[in-house]
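Data block for work_31.tsv (TSV, C-alpha atoms and all ligand atoms):
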```
chain	number	residue	atom	x	y	z
N	1	MET	CA	113.22	66.09	46.42
N	2	ASP	CA	110.19	63.83	45.97
N	3	ASN	CA	112.37	61.24	44.28
N	4	LEU	CA	114.98	61.46	47.03
N	5	ARG	CA	112.29	60.90	49.67
N	6	ALA	CA	110.82	58.03	47.67
N	7	ALA	CA	114.28	56.42	47.68
N	8	GLY	CA	114.20	56.54	51.48
N	9	TYR	CA	116.42	59.53	52.19
N	10	ALA	CA	115.71	62.77	53.99
N	11	THR	CA	117.52	65.93	52.91
N	12	ALA	CA	119.19	65.99	56.33
N	13	ASP	CA	120.72	62.55	55.64
N	14	ILE	CA	122.86	63.90	52.81
N	15	ASP	CA	126.35	64.76	54.05
N	16	THR	CA	128.25	65.18	50.77
N	17	ILE	CA	127.43	66.91	47.50
N	18	LEU	CA	129.87	66.50	44.62
N	19	LEU	CA	129.29	69.13	41.95
N	20	THR	CA	130.62	68.35	38.48
N	21	HIS	CA	130.54	72.05	37.62
N	22	LEU	CA	128.81	75.25	38.63
N	23	HIS	CA	126.31	75.67	35.80
N	24	PRO	CA	122.92	76.58	37.30
N	25	ASP	CA	121.18	73.43	36.00
N	26	HIS	CA	123.70	71.36	37.97
N	27	ALA	CA	124.01	73.45	41.12
N	28	CYS	CA	120.83	75.41	41.80
N	29	GLY	CA	118.86	72.49	43.25
N	30	ILE	CA	120.88	72.66	46.46
N	31	ASN	CA	119.56	76.13	47.30
N	32	ASP	CA	115.92	76.99	48.00
N	33	GLY	CA	115.36	80.74	48.28
N	34	GLY	CA	118.72	81.33	49.96
N	35	ARG	CA	118.41	78.35	52.27
N	36	ALA	CA	120.60	75.24	52.12
N	37	VAL	CA	118.34	72.39	50.98
N	38	PHE	CA	120.83	69.92	52.50
N	39	PRO	CA	121.60	71.40	55.93
N	40	ASN	CA	124.19	68.78	56.88
N	41	ALA	CA	126.05	68.57	53.58
N	42	VAL	CA	129.50	69.71	52.55
N	43	VAL	CA	129.57	70.85	48.92
N	44	TYR	CA	132.65	70.01	46.82
N	45	VAL	CA	133.70	71.89	43.70
N	46	GLU	CA	136.92	71.89	41.69
N	47	LYS	CA	139.14	74.94	42.12
N	48	ARG	CA	139.23	76.16	38.51
N	49	ASP	CA	135.42	76.14	38.39
N	50	ALA	CA	135.19	77.99	41.71
N	51	ASP	CA	137.85	80.49	40.61
N	52	TYR	CA	135.86	81.20	37.47
N	53	TRP	CA	132.17	81.15	38.43
N	54	LEU	CA	132.52	82.50	41.95
N	55	SER	CA	134.92	85.32	41.08
N	56	PRO	CA	133.50	88.87	41.35
N	57	LYS	CA	136.23	89.97	38.93
N	58	VAL	CA	135.34	87.41	36.24
N	59	THR	CA	131.63	88.18	36.76
N	60	ALA	CA	132.19	91.90	36.29
N	61	ALA	CA	134.13	91.27	33.08
N	62	ALA	CA	131.49	88.88	31.64
N	63	PRO	CA	129.09	90.11	28.93
N	64	ASP	CA	125.82	91.44	30.36
N	65	ASP	CA	123.74	88.56	29.02
N	66	ALA	CA	126.05	86.06	30.77
N	67	LYS	CA	126.01	87.76	34.16
N	68	ALA	CA	122.79	86.05	35.30
N	69	MET	CA	124.49	82.68	34.90
N	70	PHE	CA	127.32	83.78	37.21
N	71	ARG	CA	124.86	85.14	39.76
N	72	MET	CA	122.91	81.88	39.82
N	73	SER	CA	126.11	79.86	40.30
N	74	GLN	CA	127.14	82.08	43.19
N	75	GLU	CA	123.70	81.95	44.82
N	76	SER	CA	123.58	78.15	44.60
N	77	VAL	CA	126.58	77.63	46.88
N	78	ALA	CA	126.23	80.81	49.00
N	79	PRO	CA	124.45	79.27	52.04
N	80	TYR	CA	127.06	76.48	52.17
N	81	ALA	CA	129.95	78.91	51.83
N	82	GLN	CA	128.49	81.05	54.63
N	83	ALA	CA	128.27	77.96	56.86
N	84	GLY	CA	131.89	76.99	56.07
N	85	LYS	CA	130.66	73.97	54.12
N	86	LEU	CA	131.98	74.74	50.66
N	87	ARG	CA	135.16	72.76	49.93
N	88	VAL	CA	137.19	73.80	46.92
N	89	PHE	CA	139.53	71.00	45.86
N	90	ASN	CA	142.45	70.64	43.48
N	91	ILE	CA	142.92	67.86	40.94
N	92	GLY	CA	145.03	65.23	42.67
N	93	ASP	CA	143.40	65.75	46.07
N	94	VAL	CA	142.01	62.55	47.58
N	95	LEU	CA	138.51	63.37	48.82
N	96	PHE	CA	137.30	59.93	49.90
N	97	ASP	CA	138.47	56.32	49.89
N	98	GLY	CA	137.13	54.46	46.86
N	99	MET	CA	136.40	57.59	44.86
N	100	GLN	CA	138.67	59.25	42.34
N	101	VAL	CA	138.26	62.70	40.82
N	102	VAL	CA	138.67	62.56	37.04
N	103	PRO	CA	139.47	65.99	35.56
N	104	THR	CA	137.18	66.63	32.57
N	105	PRO	CA	137.71	70.31	31.69
N	106	GLY	CA	136.39	72.11	28.64
N	107	HIS	CA	132.65	72.37	29.15
N	108	THR	CA	133.62	74.60	32.08
N	109	PRO	CA	137.15	75.45	33.26
N	110	GLY	CA	137.08	73.03	36.20
N	111	HIS	CA	134.50	70.47	35.10
N	112	ALA	CA	135.16	67.30	37.13
N	113	SER	CA	133.86	63.73	37.01
N	114	TYR	CA	133.76	61.22	39.85
N	115	LEU	CA	134.80	57.59	39.52
N	116	PHE	CA	133.48	55.23	42.19
N	117	GLY	CA	134.94	51.75	42.17
N	118	SER	CA	134.73	48.58	44.15
N	119	ASP	CA	135.53	44.92	43.52
N	120	GLY	CA	136.53	45.42	39.90
N	121	SER	CA	133.43	47.31	38.87
N	122	ALA	CA	133.11	51.06	38.69
N	123	ILE	CA	130.80	53.89	37.74
N	124	LEU	CA	131.86	57.27	36.42
N	125	ILE	CA	129.50	60.13	37.21
N	126	TRP	CA	130.61	62.26	34.30
N	127	GLY	CA	128.43	65.37	34.41
N	128	ASP	CA	128.20	67.24	31.09
N	129	ILE	CA	130.35	65.17	28.75
N	130	VAL	CA	127.41	64.76	26.35
N	131	HIS	CA	124.51	67.13	25.75
N	132	SER	CA	123.07	65.58	22.60
N	133	HIS	CA	123.24	61.79	22.80
N	134	ALA	CA	121.81	61.54	19.27
N	135	VAL	CA	124.81	63.38	17.84
N	136	GLN	CA	127.82	63.43	20.13
N	137	PHE	CA	128.40	59.70	20.68
N	138	GLN	CA	128.68	59.17	16.95
N	139	ARG	CA	130.49	62.45	16.42
N	140	PRO	CA	132.38	63.45	19.58
N	141	GLU	CA	133.97	66.34	17.69
N	142	VAL	CA	130.66	68.25	17.75
N	143	SER	CA	130.75	70.85	20.52
N	144	LEU	CA	128.23	73.07	22.18
N	145	GLU	CA	127.80	76.82	22.35
N	146	PHE	CA	127.82	76.62	26.16
N	147	ASP	CA	131.27	74.98	26.32
N	148	SER	CA	133.71	77.49	27.74
N	149	ASP	CA	136.58	75.91	25.75
N	150	GLN	CA	135.14	73.95	22.84
N	151	ARG	CA	138.44	72.49	21.67
N	152	GLN	CA	139.24	71.22	25.16
N	153	ALA	CA	135.68	69.92	25.59
N	154	VAL	CA	135.99	67.85	22.40
N	155	GLN	CA	139.36	66.44	23.51
N	156	THR	CA	137.96	65.58	26.95
N	157	ARG	CA	134.92	63.86	25.40
N	158	LYS	CA	137.15	61.74	23.16
N	159	ASP	CA	139.42	60.83	26.08
N	160	VAL	CA	136.52	59.91	28.37
N	161	PHE	CA	134.77	57.82	25.70
N	162	ALA	CA	137.99	55.92	24.98
N	163	ARG	CA	138.56	55.28	28.67
N	164	ALA	CA	134.95	54.19	29.22
N	165	VAL	CA	135.29	51.62	26.42
N	166	ARG	CA	138.68	50.41	27.66
N	167	GLN	CA	137.73	50.10	31.32
N	168	LYS	CA	134.09	49.11	30.69
N	169	PHE	CA	132.83	51.15	33.61
N	170	TRP	CA	129.25	52.21	34.09
N	171	VAL	CA	128.49	55.80	33.27
N	172	GLY	CA	125.99	58.12	34.91
N	173	GLY	CA	125.53	61.35	33.02
N	174	ALA	CA	123.37	64.43	32.79
N	175	HIS	CA	121.30	65.30	29.69
N	176	LEU	CA	121.03	61.61	28.78
N	177	PRO	CA	117.71	59.82	28.36
N	178	PHE	CA	116.19	58.43	31.56
N	179	PRO	CA	117.60	56.82	33.68
N	180	GLY	CA	120.88	58.37	32.46
N	181	MET	CA	123.00	55.28	33.16
N	182	GLY	CA	124.67	52.89	30.77
N	183	HIS	CA	127.83	51.94	28.94
N	184	VAL	CA	129.78	53.41	26.05
N	185	ILE	CA	130.84	51.11	23.23
N	186	ALA	CA	132.92	51.80	20.14
N	187	GLU	CA	131.02	51.77	16.85
N	188	GLY	CA	132.31	52.70	13.40
N	189	ASN	CA	134.42	55.83	13.67
N	190	GLY	CA	132.65	56.88	16.84
N	191	TYR	CA	130.79	55.48	19.81
N	192	ARG	CA	127.36	54.35	20.88
N	193	TRP	CA	125.42	54.77	24.11
N	194	VAL	CA	124.02	51.53	25.52
N	195	PRO	CA	121.56	52.49	28.23
N	196	VAL	CA	120.89	50.32	31.26
N	197	GLU	CA	117.76	48.26	30.87
N	198	TYR	CA	115.18	49.88	33.01
N	199	ALA	CA	111.87	48.61	34.30
N	200	PRO	CA	109.80	49.61	37.32
N	201	VAL	CA	110.23	47.45	40.42
N	202	ARG	CA	107.08	45.38	40.85
I	1	ZN	ZN	126.79	72.42	32.00
```
Taking this structure as input, can you express it in the form of structure tokens?
Ligand SMILES: [Zn+2]
Amino acid sequence: MDNLRAAGYATADIDTILLTHLHPDHACGINDGGRAVFPNAVVYVEKRDADYWLSPKVTAAAPDDAKAMFRMSQESVAPYAQAGKLRVFNIGDVLFDGMQVVPTPGHTPGHASYLFGSDGSAILIWGDIVHSHAVQFQRPEVSLEFDSDQRQAVQTRKDVFARAVRQKFWVGGAHLPFPGMGHVIAEGNGYRWVPVEYAPVR
């Protein structure tokens, strides 16, 4: 929130929140003790993720040590759902002009990435395509215990890397070194992360 304010925005200015998936480390920041941190925002989440993480039935069937994760996901969006501001979308839905939803399932059932483009340049906000930049760019076949479908997650990572190289778009991702933006290039049998050059504004 401090960083948001420093960038010149108030929480009330935010009207749209695009969740890549419902894992707590990607969704819980929008809820503060049961209160919507962004009172004027509509929260978007892909249907397969909502059907999985927000389902009482799936939660009840989950192993005990996984139940807390489901509860946190549900709590994160609860104030928005109660206010009628949770929008569950399907792949193929057009949410906004100039923005395309890119389905990137595997890490979670409905993991989604968001491609913003204008004037021939674009940035893909890809969410959790990579958790270990030191390993997974070089070896995209390495998956993570937290992936709900590891085989699909590996395939998605390979597809997204190939597309990022082909289309040369910027990437913004979680779990990448600060500032989490850069390009993907092909190298050897794998890929390499080329981070944006970053320096403080004088
Ligand atoms: Zn995640």
Using all atoms listed in the file, which residues have at least one atom no more than 9 Å from ligand ZN 1 (chain I)? Output them as a CSV table (one decimal) with C-alpha atoms, in the frame of the given file.
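Okay, pocket_20.csv is ready:
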```csv
chain,number,residue,atom,x,y,z
N,20,THR,CA,130.6,68.4,38.5
N,21,HIS,CA,130.5,72.0,37.6
N,22,LEU,CA,128.8,75.2,38.6
N,23,HIS,CA,126.3,75.7,35.8
N,24,PRO,CA,122.9,76.6,37.3
N,25,ASP,CA,121.2,73.4,36.0
N,26,HIS,CA,123.7,71.4,38.0
N,107,HIS,CA,132.6,72.4,29.2
N,108,THR,CA,133.6,74.6,32.1
N,111,HIS,CA,134.5,70.5,35.1
N,127,GLY,CA,128.4,65.4,34.4
N,128,ASP,CA,128.2,67.2,31.1
N,129,ILE,CA,130.4,65.2,28.8
N,131,HIS,CA,124.5,67.1,25.8
N,146,PHE,CA,127.8,76.6,26.2
N,147,ASP,CA,131.3,75.0,26.3
N,174,ALA,CA,123.4,64.4,32.8
```
Find the residues of stretch 99-201 of chain N that sit at most 10 Å from stretch 79-92 of chain N; for each, write down the nearest two atoms and how far apart they are in Å, to one decimal. Count all atoms listed in the file. Sort by chain, then by number going up, and give it as JSON lines.
```
{"residue": "N:Gln100", "atom": "CA", "partner": "N:Gly92", "partner_atom": "CA", "distance": 8.7}
{"residue": "N:Val101", "atom": "CA", "partner": "N:Ile91", "partner_atom": "CA", "distance": 7.0}
{"residue": "N:Val102", "atom": "CA", "partner": "N:Ile91", "partner_atom": "CA", "distance": 7.8}
{"residue": "N:Pro103", "atom": "CA", "partner": "N:Ile91", "partner_atom": "CA", "distance": 6.7}
{"residue": "N:Gly110", "atom": "CA", "partner": "N:Ile91", "partner_atom": "CA", "distance": 9.1}
{"residue": "N:Ala112", "atom": "CA", "partner": "N:Ile91", "partner_atom": "CA", "distance": 8.7}
```
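From atom CA of N:Ser132 back to atom CA of N:Leu176, the distance works out to 7.6 Å.
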Next on the checklist: I need the residue nearest N:Glu75 from this list: N:Asn3, N:Ser148, N:Ser121, N:Asn31. Use only C-alpha atoms for the distance.
Outcome noted: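 That would be N:Asn31, the residue with the smallest distance to N:Glu75.
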Next on the checklist: So that I can see what lies close to N:Glu141, please list as number ranges by chain the residues with an atom at most 8 Å from it, counting only C-alpha atoms and leaving out residues fewer than 6 positions away in the same chain.
Outcome noted: N: 154-155, 158
Item to check | Nearest residue to N:Val42 from the set N:Met1, N:Leu95, N:Ala60, N:Leu54 (distances using only C-alpha atoms) | outcome: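 Of N:Met1, N:Leu95, N:Ala60, N:Leu54, the one nearest N:Val42, counting only C-alpha atoms, is N:Leu95.
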Next on the checklist: I need every residue sitting at most 8 Å from the point (132.9, 77.1, 42.5) (coordinates as in the file, all atoms listed in the file considered), written as a PyMOL selection string.
Outcome noted: chain N and resi 21-22+45-54+73-74+77+88
Write out as lines of an AutoDock Vina configuration file an axis-aligned box for stretch 178-196 of chain N: all of its atoms listed in the file, 5 Å added on each side, centre and edge lengths in Å with one decimal.
```
center_x = 125.3
center_y = 54.4
center_z = 23.5
size_x = 28.2
size_y = 18.1
size_z = 30.3
```
